[in-house]
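Heads up, the thing below is written out as C-alpha cells.
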Amino acid sequence: MTTINKSGPRPGRGLTHLLVGGITLLIVIPVAWVLVASLKRKSEFFGSPWTLPEGLHLQNYVDAFGAAQMGRYFATSVLVTLLGLVLVLAVSVPAAYVVARYEFRGKSIVEVALLAGLFVNVNYIVVPIFLMLVDWDRALVDVFPDGFFLDNPAMLSLVYAATSIPFTIYLLTAYFRSIPAEFEEAALLDGASRFRIMTRVMLPMARPAVTTVILFNFLAYWNDFVIALTLLPGEGKTLQVGLLNLMAAQKAAADPGRLYAGMVIVIVPVLLLYALIQRRLIQGMAAGGVKG
C-alpha cells in the first residue's frame with residue numbers, strides 16, 4: 001500500500017522564519033550602524049545619520065585606544081575575564097564531577113545550597129562585598145598601605161568566579177550525570193585514577209557543556225558594570241566603566257566618532273568568541289536535547 005505524503009508548506013514555519021528574521025534584523029541593524037558610525041569624521045554627524053562614511057576614518061580607533069585609554073581598559077577587562085574563567089572552571093569542574101558521581105554525607109545539603117545560589121543576584125550584594133573588602137584593607141593597612149583587596153583586578157576576578165560557581169556547577173553536574181557510567185568503569189578496569197578519569201574521560205565528553213558555561217560566564221564578566229565600578233574605584237577600570245567615562249567626555253568634546261569606536265571595541269570580542277564556539281555550542285544544545 002502506497003502512502004501519499006500530503007504534507008505541504010506549513011503556515012507556522014513561515015511565521016517562525018519571519019519572526020527569526022525580524023529578531024535578526026533588530027540585532028544586526030544597530031550593530032552595523034555603530035560600526036559605520038565609528039568610521040565617520042566629526043563633520044559627517046551633522047548631516048543624515050544614515051549616510052555611509054565618506055572614507056575609513058580609523059583615527060577614531062587610534063584616539064579611543066590612546067587618548068581615551070580604551071586600550072588600557074581593554075587589557076584590564078581581558079585579564080579580569082580570563083582569570084575569572086580559569087578560577088571558576090578550576091573549582092566547578094571537579095566539584096560538579098564529585099556531586100554528579102559520588103555519594104557522600106551532606107550531599108543533599110550541598111545540592112540545595114547550590115540551587116539556592118542560583119537565585120542570588122550579585123548586584124544586590126555588591127555593597128556588602130565592598131564593605132567587607134574595605135574592612136580587610138583596614139586590617140592590613142600596616143602591610144599594604146595603599147590597599148590590597150579594593151582596586152585589585154584579581155579580587156574582581158575572584159568575586160566574579162565565586163558568584164558564578166552555583167550556575168556553573170549546576171549545569172556541569174546535569175551534563176556529567178547524563179554520561180553513561182560504563183565509560184568510567186572501563187577506565188577503572190584499565191587502572192586509571194579518579195583524577196585521570198575526570199580529566200581524560202569525562203571532561204572531553206562534557207566539552208559542549210564546558211563551552212556553554214564559558215560563553216555564559218564570559219558574557220557575564222565582560223558585560224558587567226556595577227561590580228567593576230564598585231570594586232575598581234581607581235584608574236584600573238574595565239572596558240564597560242571606561243566606556244561610560246568616554247561617553248561623558250565625548251559629550252563635552254562633541255566627537256561621537258570616538259565614542260562609537262569605543263562601542264565597537266566592546267562588542268567585537270563577544271562576536272569573535274561566539275563565532276569561534278557557536279558550532280560546538282549548537283552541538284552541545286542538540287546533544288542535550290537528544291539525551292533529555
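Each chain in the C-alpha cells gets a letter, A, B and so on, in the order shown; residues start at 1 in every chain, and ligands are counted from 1 in the order they appear.
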Please report as JSON lines every residue of range 223-281 of chain A lying within 8 Å of range 123-143 of chain A, along with the nearest atom pair and their distance in Å (one decimal), using only C-alpha atoms.
{"residue": "A:Val226", "atom": "CA", "partner": "A:Asn123", "partner_atom": "CA", "distance": 6.8}
{"residue": "A:Ile227", "atom": "CA", "partner": "A:Val126", "partner_atom": "CA", "distance": 6.3}
{"residue": "A:Thr230", "atom": "CA", "partner": "A:Phe130", "partner_atom": "CA", "distance": 7.0}
{"residue": "A:Leu231", "atom": "CA", "partner": "A:Phe130", "partner_atom": "CA", "distance": 6.4}
Would you export the selected residues with all heavy atoms as a short mmCIF file (atom, residue, chain, number, x, y, z; two decimals), in the first residue's frame, please?
data_model
loop_
_atom_site.label_atom_id
_atom_site.label_comp_id
_atom_site.auth_asym_id
_atom_site.auth_seq_id
_atom_site.Cartn_x
_atom_site.Cartn_y
_atom_site.Cartn_z
N VAL A 226 28.24 47.15 37.21
CA VAL A 226 28.04 47.56 38.59
C VAL A 226 29.16 47.07 39.50
O VAL A 226 29.73 47.84 40.29
CB VAL A 226 26.67 47.05 39.09
CG1 VAL A 226 26.48 47.37 40.58
CG2 VAL A 226 25.55 47.67 38.28
N ILE A 227 29.51 45.79 39.41
CA ILE A 227 30.54 45.22 40.29
C ILE A 227 31.90 45.84 39.99
O ILE A 227 32.65 46.20 40.91
CB ILE A 227 30.59 43.70 40.14
CG1 ILE A 227 29.22 43.09 40.37
CG2 ILE A 227 31.60 43.09 41.11
CD1 ILE A 227 29.15 41.62 40.09
N THR A 230 32.18 49.31 41.33
CA THR A 230 32.26 49.38 42.80
C THR A 230 33.60 48.91 43.33
O THR A 230 34.17 49.53 44.23
CB THR A 230 31.14 48.52 43.41
OG1 THR A 230 29.88 48.92 42.87
CG2 THR A 230 31.11 48.67 44.93
N LEU A 231 34.13 47.83 42.76
CA LEU A 231 35.35 47.22 43.32
C LEU A 231 36.64 47.74 42.70
O LEU A 231 37.71 47.45 43.21
CB LEU A 231 35.28 45.70 43.17
CG LEU A 231 34.08 45.01 43.83
CD1 LEU A 231 34.21 43.51 43.72
CD2 LEU A 231 33.94 45.44 45.28
#
- request: Taking the chain letters and numbering used in this document, name the residues of range 167-251 of chain A that DSSP puts in alpha helix (DSSP H), as an MDAnalysis selection string.
  value: chainID A and resid 167:178 182:189 194:197 203:205 207:222 226:231 239:251
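For the pair CA of Phe74 in chain A and CA of Glu44 in chain A, the interatomic distance is 27.4 Å.
Going from CA of Leu243 in chain A to CA of Leu272 in chain A covers 19.5 Å.
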Could you give me, as CSV, a per-residue list for range 182-258 of chain A showing, wherever an atom lies at most 12 Å from an atom of range 97-101 of chain A, the closest pair of atoms and their distance in Å to one decimal, using only C-alpha atoms and sorting by chain then residue number from low to high?
residue,atom,partner,partner_atom,distance
A:Glu184,CA,A:Arg101,CA,9.9
A:Glu185,CA,A:Arg101,CA,11.9
A:Arg194,CA,A:Val98,CA,10.1
A:Phe195,CA,A:Tyr97,CA,10.1
A:Ile197,CA,A:Tyr97,CA,10.3
A:Met198,CA,A:Tyr97,CA,7.3
A:Thr199,CA,A:Tyr97,CA,10.2
A:Val201,CA,A:Tyr97,CA,11.6
A:Met202,CA,A:Tyr97,CA,8.4
A:Leu203,CA,A:Tyr97,CA,9.1
A:Ala206,CA,A:Tyr97,CA,10.4
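Across A:Val91, A:Phe218, A:Ala187, A:Ile179, the tightest approach to Pro166 in chain A is made by A:Val91 when counting only C-alpha atoms.
Of note, CA of Met263 in chain A and CA of Val62 in chain A are spaced 13.5 Å apart.
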- prompt: Thr76 in chain A: which residues within 9 Å, counting only C-alpha atoms, same-chain residues fewer than 3 positions away excluded, as an MDAnalysis selection string?
  reply: chainID A and resid 71:73 79:81 153 236:239
Those same residues - N, CA and C atoms - I'd like them written as a compact mmCIF listing (two decimals), in the first residue's frame.
# COMPACT_ATOMS: atom_id res chain seq x y z
N GLY A 71 42.49 51.24 25.31
CA GLY A 71 43.41 50.11 25.25
C GLY A 71 43.76 49.59 26.63
N ARG A 72 43.98 50.51 27.57
CA ARG A 72 44.28 50.11 28.95
C ARG A 72 43.07 49.43 29.58
N TYR A 73 41.89 49.98 29.36
CA TYR A 73 40.69 49.37 29.91
C TYR A 73 40.43 48.01 29.28
N LEU A 79 42.14 40.64 31.21
CA LEU A 79 42.77 39.99 32.35
C LEU A 79 41.73 39.50 33.36
N VAL A 80 40.78 40.37 33.70
CA VAL A 80 39.76 40.02 34.69
C VAL A 80 38.89 38.88 34.19
N THR A 81 38.50 38.93 32.93
CA THR A 81 37.61 37.91 32.38
C THR A 81 38.30 36.55 32.28
N PRO A 153 42.34 43.98 40.24
CA PRO A 153 41.65 43.17 39.23
C PRO A 153 41.56 41.69 39.60
N GLY A 236 42.45 51.71 37.32
CA GLY A 236 42.41 50.45 36.59
C GLY A 236 41.01 49.98 36.31
N LYS A 237 40.31 50.65 35.45
CA LYS A 237 38.90 50.36 35.18
C LYS A 237 38.77 49.29 34.10
N THR A 238 37.61 48.65 34.08
CA THR A 238 37.30 47.71 33.00
C THR A 238 36.73 48.47 31.81
N LEU A 239 36.52 47.75 30.72
CA LEU A 239 36.11 48.39 29.48
C LEU A 239 34.72 49.02 29.60
